[in-house]
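Novice: There's a structure below that I have some questions on.
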Amino acid sequence: MSNIQFSQGHALLIGVGSADLPMTVRDATALRDVLVNPRRAGYPREQVELLIGESATRQNIFEACDRLIECTSNNPDGTVIVYFSGHGVRLERDAEPTEYFLMPYDCNKEDIKGTAIFDLEFSAKIKRIKCRKLVVLLDCCHAGGITAIKQHGIKFIKSSIPPNLNSVLNSGNGRVLIASSKENQVSYAPPEDSYSIFTACLLEALAGKAAKKQDGYCRILDVVSYLLEQVPMRTADYRYGVQQPFVNLIKDLDENFPLCYYAGGDVEKKFLDSESGSTSSDSTTEKDAPWKERIKQIKIKQLQMEIEQHEIDCLSLTRKIGDIKKSRTLKLISL
């Protein structure tokens, strides 16, 4: 086989490109380049829409969602990727329910209600996509532009997981949500790197580095496993703590479906220019395991990561309690 189109593939890719997150444009553009490359993912170019910078406005994003809904309405067996790279925010206000929103390019911090994309709005669009194989990727980066937003009685907090969207995607088989980090973590975009940590790992996965067997396809569980392994490993020593991707409940996944080709239909892997041909270290058991068993392995890996994070949190809390006790003792001695 050579350069066969992955004709059932559709994608909407958004890189907001705000002043404090210029890498989001690079991230979304690089993902587009991999998807439409006939020697890689093989998506038809006309079925991949890219919105970056000034084009990533609220209206344009909604209109692009509607086009995606329309063009896939008669293709339930199609594969859809929706990717957003930018700010995700949790809005907390006195005496009002907490809300989650994404910030498009034209989001006005003085008019959040009229210019942001709220969780319920975005989730409603995603719910209307009828393809059974749907993956939503949120690389909601941490940067100063969010933490600096402060108004009386209002808190804007960086957030990576929209609760309504998570609920919508948990309701159907073959519908997967992957966020770049968990709720209380930082999503890193080091200035010295071309892409965010999460998107860099995603690009490698789609180029075949995640594939457990050489059959030409990049499959969803391979991608999930690779992200869960590589992102925490690469951020283990970072200043604000490890970054661990969030994946919604995938226990009811109907199949380990292909997201794309990794080498234009060929089975031999073709890595990105910046990579060597080596793959991540996986046990033979994981490579050969049936896909339902792989789901169990992924859930176990997620639980192990959560336990490790809880242990870190408990250790930090214990130290804080010790510091408080020490401070109180010193005060009593001084009296």
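Chain identifiers are assigned as A, B, and so on, following the order in which chains appear in the structure tokens; residues are numbered from 1 within each chain, and ligands are numbered from 1 in order of appearance.
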Taking the DSSP assignment computed from this structure's backbone, write out as a PyMOL selection string all residues of range 19-250 of chain A that belong to helix (DSSP H, G or I).
Specialist: chain A and resi 23-36+45-47+53-55+58-71+112-115+119-127+144-147+163-170+197-209+220-234
Novice: Quick one: residues within 12 Å of Ile197 in chain A, only C-alpha atoms, excluding same-chain residues fewer than 4 positions away - as a PyMOL selection string?
Specialist: chain A and resi 23-24+27+85+139-142+180-181+186-193+201-204+227-228+230-236+238+242-245
Novice: Generate the output file for the selected residues, C-alpha atoms, as a PDB file, in the first residue's frame.
Specialist:
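selection07.pdb, written as the output of this step:
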ATOM      1  CA  MET A  23       2.474  28.095  20.556  1.00  0.00           C
ATOM      2  CA  THR A  24      -1.209  27.201  20.192  1.00  0.00           C
ATOM      3  CA  ASP A  27       0.323  23.174  17.754  1.00  0.00           C
ATOM      4  CA  SER A  85      -5.462  24.558  21.947  1.00  0.00           C
ATOM      5  CA  ASP A 139      -4.799  21.206  25.206  1.00  0.00           C
ATOM      6  CA  CYS A 140      -5.784  23.976  27.602  1.00  0.00           C
ATOM      7  CA  CYS A 141      -2.497  25.592  28.486  1.00  0.00           C
ATOM      8  CA  HIS A 142      -1.468  27.341  31.676  1.00  0.00           C
ATOM      9  CA  SER A 180      -3.862  17.655  28.391  1.00  0.00           C
ATOM     10  CA  SER A 181      -3.868  17.646  32.206  1.00  0.00           C
ATOM     11  CA  VAL A 186      -0.401  22.714  34.845  1.00  0.00           C
ATOM     12  CA  SER A 187      -0.321  21.988  31.108  1.00  0.00           C
ATOM     13  CA  TYR A 188       3.209  22.870  30.101  1.00  0.00           C
ATOM     14  CA  ALA A 189       4.234  24.787  27.035  1.00  0.00           C
ATOM     15  CA  PRO A 190       7.965  25.399  27.589  1.00  0.00           C
ATOM     16  CA  PRO A 191       9.171  28.437  25.605  1.00  0.00           C
ATOM     17  CA  GLU A 192      12.195  26.535  24.313  1.00  0.00           C
ATOM     18  CA  ASP A 193      10.026  23.865  22.668  1.00  0.00           C
ATOM     19  CA  CYS A 201       3.470  13.634  22.296  1.00  0.00           C
ATOM     20  CA  LEU A 202       0.232  13.550  20.285  1.00  0.00           C
ATOM     21  CA  LEU A 203       2.094  14.294  17.042  1.00  0.00           C
ATOM     22  CA  GLU A 204       4.558  11.491  17.765  1.00  0.00           C
ATOM     23  CA  LEU A 227      -0.007  10.076  26.152  1.00  0.00           C
ATOM     24  CA  LEU A 228      -0.529   8.600  29.628  1.00  0.00           C
ATOM     25  CA  GLN A 230       4.989  10.024  27.872  1.00  0.00           C
ATOM     26  CA  VAL A 231       3.477  13.285  29.178  1.00  0.00           C
ATOM     27  CA  PRO A 232       4.057  12.508  32.903  1.00  0.00           C
ATOM     28  CA  MET A 233       7.513  11.112  32.157  1.00  0.00           C
ATOM     29  CA  ARG A 234       8.594  14.283  30.326  1.00  0.00           C
ATOM     30  CA  THR A 235       7.242  16.608  33.030  1.00  0.00           C
ATOM     31  CA  ALA A 236       8.333  14.633  36.098  1.00  0.00           C
ATOM     32  CA  TYR A 238       9.074  20.366  36.074  1.00  0.00           C
ATOM     33  CA  VAL A 242       3.954  16.455  36.937  1.00  0.00           C
ATOM     34  CA  GLN A 243       1.382  16.805  34.134  1.00  0.00           C
ATOM     35  CA  GLN A 244      -1.013  13.863  33.740  1.00  0.00           C
ATOM     36  CA  PRO A 245      -3.526  13.764  30.875  1.00  0.00           C
TER      37      PRO A 245
END
Novice: One decimal, Å: what's the distance from CA of Val247 in chain A over to CA of Cys131 in chain A, could you say?
Specialist: 19.1 Å
Novice: Counting only C-alpha atoms, what is within 12 Å of Glu268 in chain A, bar same-chain residues fewer than 3 positions away, as JSON, numbers by chain?
Specialist: {"A": [1, 2, 39, 40, 207, 208, 209, 211, 213, 214, 215, 216, 217, 261, 262, 263, 264, 265, 271, 277]}
Novice: Emit the selected residues as an mmCIF file, in the first residue's frame, including C-alpha atoms.
Specialist:
data_model
loop_
_atom_site.group_PDB
_atom_site.id
_atom_site.type_symbol
_atom_site.label_atom_id
_atom_site.label_comp_id
_atom_site.auth_asym_id
_atom_site.auth_seq_id
_atom_site.Cartn_x
_atom_site.Cartn_y
_atom_site.Cartn_z
ATOM 1 C CA MET A 1 0.000 0.000 0.000
ATOM 2 C CA SER A 2 1.132 3.576 -0.555
ATOM 3 C CA ARG A 39 2.412 9.940 3.659
ATOM 4 C CA ARG A 40 1.140 10.087 7.237
ATOM 5 C CA ALA A 207 3.187 9.447 13.307
ATOM 6 C CA GLY A 208 3.340 5.826 14.442
ATOM 7 C CA LYS A 209 5.458 5.978 17.569
ATOM 8 C CA ALA A 211 1.531 1.841 17.404
ATOM 9 C CA LYS A 213 1.754 -3.445 15.933
ATOM 10 C CA GLN A 214 2.744 -2.506 12.416
ATOM 11 C CA ASP A 215 -0.540 -2.786 10.563
ATOM 12 C CA GLY A 216 -0.588 0.754 9.169
ATOM 13 C CA TYR A 217 -3.159 2.130 11.613
ATOM 14 C CA TYR A 261 -2.970 5.883 9.102
ATOM 15 C CA TYR A 262 0.491 6.487 10.485
ATOM 16 C CA ALA A 263 2.394 6.091 7.209
ATOM 17 C CA GLY A 264 -0.049 6.808 4.402
ATOM 18 C CA GLY A 265 -1.305 3.227 4.366
ATOM 19 C CA PHE A 271 8.903 8.999 12.315
ATOM 20 C CA GLY A 277 13.200 5.190 15.164
#
